[in-house]
file target_22.txt (compact mmCIF, C-alpha atoms)
# COMPACT_ATOMS: atom_id res chain seq x y z
CA MET Q 1 0.00 0.00 0.00
CA ARG Q 2 1.27 3.47 -0.84
CA MET Q 3 0.07 7.05 -0.98
CA SER Q 4 -1.30 8.96 -3.98
CA LYS Q 5 0.80 10.40 -6.80
CA ILE Q 6 0.57 13.94 -5.34
CA VAL Q 7 2.15 12.84 -2.05
CA ARG Q 8 4.88 10.85 -3.81
CA THR Q 9 5.82 13.73 -6.15
CA GLY Q 10 5.86 16.20 -3.26
CA ALA Q 11 8.08 13.88 -1.21
CA ASN Q 12 10.51 13.47 -4.12
CA LEU Q 13 10.62 17.24 -4.64
CA LEU Q 14 11.12 18.23 -0.98
CA TYR Q 15 13.55 15.45 0.02
CA PRO Q 16 16.89 17.13 -1.00
CA PHE Q 17 15.90 20.59 0.26
CA ILE Q 18 14.97 19.37 3.77
CA ILE Q 19 18.26 17.43 3.93
CA ILE Q 20 20.24 20.54 2.93
CA PHE Q 21 18.45 22.66 5.56
CA GLY Q 22 19.09 20.05 8.25
CA LEU Q 23 22.78 19.84 7.36
CA TYR Q 24 22.93 23.66 7.54
CA VAL Q 25 21.46 23.61 11.05
CA ILE Q 26 23.99 20.94 12.07
CA MET Q 27 26.99 22.72 10.54
CA HIS Q 28 26.14 26.13 12.04
CA GLY Q 29 25.30 24.63 15.43
CA HIS Q 30 27.90 26.68 17.31
CA LEU Q 31 26.79 30.01 15.75
CA THR Q 32 22.99 29.98 15.33
CA PRO Q 33 20.07 28.38 17.24
CA GLY Q 34 19.96 24.64 16.81
CA GLY Q 35 22.71 22.08 16.88
CA GLY Q 36 23.37 18.41 16.43
CA PHE Q 37 20.08 17.05 17.76
CA GLN Q 38 17.84 19.65 16.14
CA GLY Q 39 19.53 19.38 12.74
CA GLY Q 40 19.52 15.59 12.90
CA ALA Q 41 15.80 15.63 13.68
CA VAL Q 42 15.17 17.92 10.68
CA VAL Q 43 17.12 15.56 8.39
CA ALA Q 44 15.21 12.58 9.83
CA THR Q 45 11.99 14.42 8.93
CA ALA Q 46 13.02 14.18 5.24
CA ALA Q 47 13.50 10.43 5.68
CA ALA Q 48 10.11 10.23 7.42
CA LEU Q 49 8.45 12.02 4.48
CA VAL Q 50 9.75 9.43 2.00
CA ILE Q 51 8.95 6.56 4.38
CA VAL Q 52 5.34 7.73 4.75
CA ALA Q 53 4.86 8.26 1.00
CA TYR Q 54 6.10 4.88 -0.31
CA SER Q 55 5.56 1.24 0.55
CA TYR Q 56 8.25 -0.75 2.38
CA GLN Q 57 9.49 -2.56 -0.75
CA GLU Q 58 9.99 0.76 -2.58
CA VAL Q 59 11.45 2.69 0.35
CA THR Q 60 14.28 0.19 0.92
CA GLY Q 61 15.54 1.15 -2.55
CA ILE Q 62 15.79 4.83 -1.51
CA ILE Q 63 16.72 4.58 2.18
CA ARG Q 64 18.62 1.39 2.96
CA ASN Q 65 18.54 -0.26 6.38
CA VAL Q 66 22.27 -0.94 6.43
CA ALA Q 67 23.13 2.69 5.54
CA MET Q 68 21.06 4.02 8.45
CA LYS Q 69 22.61 1.52 10.91
CA ALA Q 70 26.06 2.54 9.61
CA ARG Q 71 25.23 6.24 10.18
CA GLU Q 72 24.24 5.52 13.77
CA SER Q 73 27.49 3.62 14.46
CA VAL Q 74 29.70 6.17 12.67
CA GLY Q 75 28.16 9.05 14.63
CA LEU Q 76 28.72 7.36 17.99
CA LEU Q 77 32.30 6.37 17.07
CA LEU Q 78 33.09 9.93 15.91
CA PHE Q 79 31.72 11.38 19.16
CA ILE Q 80 33.69 9.06 21.42
CA GLY Q 81 36.72 9.42 19.11
CA ALA Q 82 36.71 13.18 19.66
CA GLY Q 83 36.79 12.49 23.40
CA ILE Q 84 39.59 9.91 23.14
CA ALA Q 85 41.66 12.19 20.88
CA ALA Q 86 41.88 14.73 23.72
CA LEU Q 87 43.42 11.99 25.89
CA ALA Q 88 45.86 11.17 23.08
CA VAL Q 89 47.33 14.72 23.01
CA GLY Q 90 47.77 14.73 26.80
CA THR Q 91 44.74 16.72 27.99
CA PRO Q 92 41.71 15.57 30.07
CA PHE Q 93 38.86 13.56 28.51
CA PHE Q 94 36.64 15.71 26.18
CA TYR Q 95 39.00 18.70 26.53
CA ASN Q 96 38.58 21.25 23.71
CA PHE Q 97 42.14 20.85 22.40
CA LEU Q 98 41.41 22.29 18.92
CA ALA Q 99 40.16 25.72 20.07
CA ASN Q 100 42.54 28.60 19.19
CA SER Q 101 45.12 26.13 17.86
CA GLY Q 102 45.06 27.24 14.22
CA LEU Q 103 44.14 23.76 12.99
CA LEU Q 104 40.67 22.50 11.96
CA PHE Q 105 37.99 24.85 13.43
CA GLY Q 106 40.83 26.51 15.34
CA MET Q 107 40.65 30.25 14.60
CA PRO Q 108 40.18 32.65 17.54
CA VAL Q 109 36.70 34.15 17.95
CA PRO Q 110 36.53 37.73 16.54
CA PHE Q 111 35.85 40.50 19.06
CA GLY Q 112 32.74 42.68 19.06
CA PRO Q 113 29.60 42.45 16.91
CA ASN Q 114 30.31 40.20 13.90
CA PRO Q 115 28.36 37.90 11.57
CA GLY Q 116 30.01 34.80 13.04
CA ASP Q 117 33.04 32.86 11.86
CA LEU Q 118 32.39 29.20 10.98
CA ASN Q 119 36.03 28.27 11.52
CA THR Q 120 36.00 28.58 15.34
CA ALA Q 121 35.03 26.62 18.49
CA GLY Q 122 37.38 23.61 18.25
CA VAL Q 123 35.83 20.17 18.77
CA ILE Q 124 32.27 21.49 19.31
CA PRO Q 125 31.36 21.47 15.54
CA ILE Q 126 32.86 17.99 15.22
CA MET Q 127 30.65 16.73 18.07
CA ASN Q 128 27.64 18.51 16.52
CA VAL Q 129 28.26 16.65 13.24
CA ALA Q 130 28.63 13.36 15.14
CA VAL Q 131 25.36 13.87 17.05
CA GLY Q 132 23.59 14.97 13.86
CA ILE Q 133 24.61 11.85 11.91
CA GLU Q 134 23.68 9.64 14.87
CA VAL Q 135 20.21 11.17 15.32
CA TRP Q 136 19.56 10.93 11.54
CA GLY Q 137 20.30 7.21 11.51
CA GLY Q 138 18.55 6.45 14.80
CA LEU Q 139 15.24 8.18 14.06
CA ALA Q 140 15.13 6.86 10.47
CA ILE Q 141 15.72 3.28 11.63
CA ILE Q 142 12.83 3.56 14.14
CA LEU Q 143 10.43 4.57 11.33
CA LEU Q 144 11.79 1.89 8.96
CA TYR Q 145 11.17 -0.85 11.55
CA MET Q 146 7.62 0.44 12.16
CA LEU Q 147 6.93 0.37 8.40
CA SER Q 148 8.42 -3.13 8.02
CA SER Q 149 5.86 -4.51 10.51
CA VAL Q 150 3.07 -2.84 8.46
CA ALA Q 151 4.24 -4.69 5.34
CA LYS Q 152 4.31 -7.97 7.27
CA GLU Q 153 0.71 -7.65 8.48
CA GLY Q 154 -0.55 -7.11 4.93
CA SER Q 155 -3.22 -4.44 4.47
CA MET U 156 -0.02 45.59 21.69
CA ILE U 157 0.75 43.64 18.52
CA ASP U 158 2.48 40.98 20.66
CA LEU U 159 -0.66 40.53 22.71
CA ILE U 160 -2.82 40.07 19.58
CA ILE U 161 -0.43 37.47 18.10
CA HIS U 162 -0.32 35.65 21.44
CA ALA U 163 -4.11 35.58 21.66
CA LEU U 164 -4.42 34.29 18.08
CA VAL U 165 -1.86 31.52 18.61
CA ILE U 166 -3.43 30.40 21.90
CA ALA U 167 -6.92 30.44 20.35
CA GLY U 168 -5.56 28.29 17.50
CA LEU U 169 -4.03 25.88 20.04
CA ILE U 170 -7.37 25.43 21.82
CA ILE U 171 -9.29 25.02 18.53
CA SER U 172 -6.84 22.44 17.14
CA ALA U 173 -6.87 20.50 20.43
CA LEU U 174 -10.69 20.37 20.26
CA MET U 175 -10.43 19.22 16.62
CA VAL U 176 -8.18 16.33 17.70
CA PHE U 177 -10.82 15.35 20.28
CA PHE U 178 -13.90 15.55 18.04
CA PHE U 179 -12.70 14.14 14.67
CA ARG U 180 -13.91 10.60 13.85
CA ASP U 181 -11.46 10.35 10.92
CA LEU U 182 -8.19 9.34 12.60
CA LEU U 183 -5.98 10.62 9.75
CA ALA U 184 -7.55 14.10 10.11
CA ALA U 185 -7.07 13.87 13.89
CA ALA U 186 -3.37 13.02 13.42
CA LEU U 187 -2.94 16.00 11.08
CA ALA U 188 -4.71 18.25 13.60
CA ALA U 189 -2.24 17.03 16.26
CA GLY U 190 0.57 17.96 13.87
CA PHE U 191 -0.94 21.41 13.46
CA PHE U 192 -1.14 21.72 17.27
CA SER U 193 2.59 20.93 17.44
CA PHE U 194 3.35 23.50 14.75
CA LEU U 195 1.42 26.21 16.63
CA ILE U 196 3.16 25.38 19.91
CA SER U 197 6.54 25.67 18.17
CA LEU U 198 5.42 29.12 16.91
CA GLU U 199 4.58 30.01 20.51
CA PHE U 200 8.06 28.88 21.64
CA TYR U 201 9.58 31.12 18.96
CA ILE U 202 7.50 34.12 20.10
CA LEU U 203 8.67 33.46 23.68
CA GLN U 204 12.29 33.69 22.37
CA ALA U 205 13.29 30.01 22.60
CA PRO U 206 14.22 29.27 18.94
CA ASP U 207 16.24 26.20 19.96
CA VAL U 208 13.21 24.52 21.51
CA ALA U 209 11.07 25.68 18.58
CA ILE U 210 13.26 23.85 16.04
CA SER U 211 13.15 20.60 18.06
CA GLN U 212 9.39 20.88 18.55
CA ALA U 213 8.77 21.52 14.85
CA ALA U 214 10.95 18.58 13.78
CA ILE U 215 9.94 16.01 16.41
CA GLY U 216 6.36 17.06 17.17
CA ALA U 217 5.08 18.21 13.81
CA GLY U 218 7.24 15.96 11.62
CA LEU U 219 8.15 12.63 13.16
CA THR U 220 5.19 12.12 15.52
CA THR U 221 2.74 12.75 12.67
CA ALA U 222 4.68 10.29 10.48
CA ILE U 223 4.50 7.65 13.24
CA PHE U 224 0.73 8.21 13.59
CA VAL U 225 0.22 7.92 9.81
CA ILE U 226 2.21 4.66 9.70
CA ALA U 227 0.13 3.31 12.62
CA ILE U 228 -3.10 4.27 10.83
CA ARG U 229 -1.88 2.47 7.69
CA ALA U 230 -1.41 -0.69 9.79
CA THR U 231 -4.88 -0.48 11.39
CA THR U 232 -8.16 1.18 10.34
CA ARG U 233 -8.74 4.77 9.35
CA TYR U 234 -12.14 5.45 10.97
CA GLU U 235 -12.98 5.24 14.65
CA GLU U 236 -15.70 2.66 15.35
CA GLY U 237 -18.53 2.65 17.88
CA ASN U 238 -20.59 5.49 19.31
CA PRO U 239 -19.11 7.83 21.92

call {"tool": "encode", "arguments": {"input": "target_22.txt", "output": "structure tokens"}}
result
Amino acid sequence: MRMSKIVRTGANLLYPFIIIFGLYVIMHGHLTPGGGFQGGAVVATAAALVIVAYSYQEVTGIIRNVAMKARESVGLLLFIGAGIAALAVGTPFFYNFLANSGLLFGMPVPFGPNPGDLNTAGVIPIMNVAVGIEVWGGLAIILLYMLSSVAKEGS
Amino acid sequence: MIDLIIHALVIAGLIISALMVFFFRDLLAAALAAGFFSFLISLEFYILQAPDVAISQAAIGAGLTTAIFVIAIRATTRYEEGNP
């Protein structure tokens, strides 16, 4: 069972734009409202739109189970890796060792009123990206498992 | 003054959409009314200057919860049975 042609066309049309907006919220998490969880939930909304519009057999061709499980694992590993990396350079666990270092996301924060510099804040953007990927995979896998039980019952 | 009017409109919309959720016999329409309730409450969070909470409420409440309800309605029946 699947939805009408209007719903399917609208889902196809909106899918990339919602993903781009969610990735924007994730990437600017240390400058604007929102962050890893909020952006990941917005991206998962795009997955939910496609999952609602199609049947289970069709949706596994667009959003694969294994890819979503991999996103969840990669996000968690990246988050804990950012914590372990601080131990590796000789600072306490989860210490912000990249801030003001000149490396990745390591520029000093400009003084006074400014539009915001993306290349600041150290490990905080990295953890935002990790949480965003993890929430994307986790929420999408919940909806996929719900839809798989619908297909099993047979409507 | 304009704040007060917008507040009153949003709160009136919240009450009306909550009553719509209660009185609809079509469960798909009731789920969409619940999504509209979530959207209005995220607007209220934004007016009260909590944009962070507003983004989460719009994504989780209006997006994912409605999707879960629609999937559950697809697995069961669309119309509520029996007399109230």

call {"tool": "closest_residue", "arguments": {"input": "target_22.txt", "among": "Q:Ile63, Q:Val43, Q:Ile84, Q:Ile133", "to": "chain U", "atoms": "all atoms listed in the file"}}
result
Q:Val43

call {"tool": "closest_residue", "arguments": {"input": "target_22.txt", "among": "Q:Ala85, Q:Leu13, Q:Ala140, Q:Ala70", "to": "chain U", "atoms": "all atoms listed in the file"}}
result
Q:Ala140

call {"tool": "interface_residues", "arguments": {"input": "target_22.txt", "of": "chain U", "to": "chain Q", "cutoff": "7 Å", "atoms": "only C-alpha atoms", "output": "list in words"}}
result
Pro206, Asp207, Ile210, Ser211, Ala214, Ile215, Gly218, Leu219, Ala222, Ile223, Ile226 and Ala230 of chain U

call {"tool": "residues_around", "arguments": {"input": "target_22.txt", "residues": "U:Leu164", "least_positions_apart": "4", "cutoff": "12 Å", "atoms": "all atoms listed in the file", "output": "number ranges by chain"}}
result
U: 157-160, 168-171, 195-196, 198-199

call {"tool": "residues_around", "arguments": {"input": "target_22.txt", "residues": "stretch 176-182 of chain U", "least_positions_apart": "6", "cutoff": "12 Å", "atoms": "only C-alpha atoms", "output": "ChimeraX atom specification"}}
result
/U:169-170,188-193,221,224-229,231-239

call {"tool": "atom_distance", "arguments": {"input": "target_22.txt", "atom1": "atom CA of Q:Gly10", "atom2": "atom CA of Q:Ile62"}}
result
15.2 Å

call {"tool": "closest_residue", "arguments": {"input": "target_22.txt", "among": "Q:Val129, Q:Ala67, Q:Val89, Q:Ile141", "to": "Q:Met27", "atoms": "all atoms listed in the file"}}
result
Q:Val129

call {"tool": "atom_distance", "arguments": {"input": "target_22.txt", "atom1": "atom CA of Q:Leu98", "atom2": "atom CA of Q:Val123"}}
result
6.0 Å

call {"tool": "atom_distance", "arguments": {"input": "target_22.txt", "atom1": "atom CA of Q:Leu31", "atom2": "atom CA of Q:Pro92"}}
result
25.2 Å

call {"tool": "closest_residue", "arguments": {"input": "target_22.txt", "among": "U:Ile166, U:Val208, U:Ile202, U:Leu187", "to": "U:Thr220", "atoms": "all atoms listed in the file"}}
result
U:Leu187

call {"tool": "closest_residue", "arguments": {"input": "target_22.txt", "among": "Q:Val74, Q:Met107, Q:Ile20, Q:Leu87", "to": "Q:Gly138", "atoms": "only C-alpha atoms"}}
result
Q:Val74

call {"tool": "closest_residue", "arguments": {"input": "target_22.txt", "among": "Q:Val59, Q:Ile26, Q:Val131, Q:Ile126", "to": "Q:Ala11", "atoms": "only C-alpha atoms"}}
result
Q:Val59
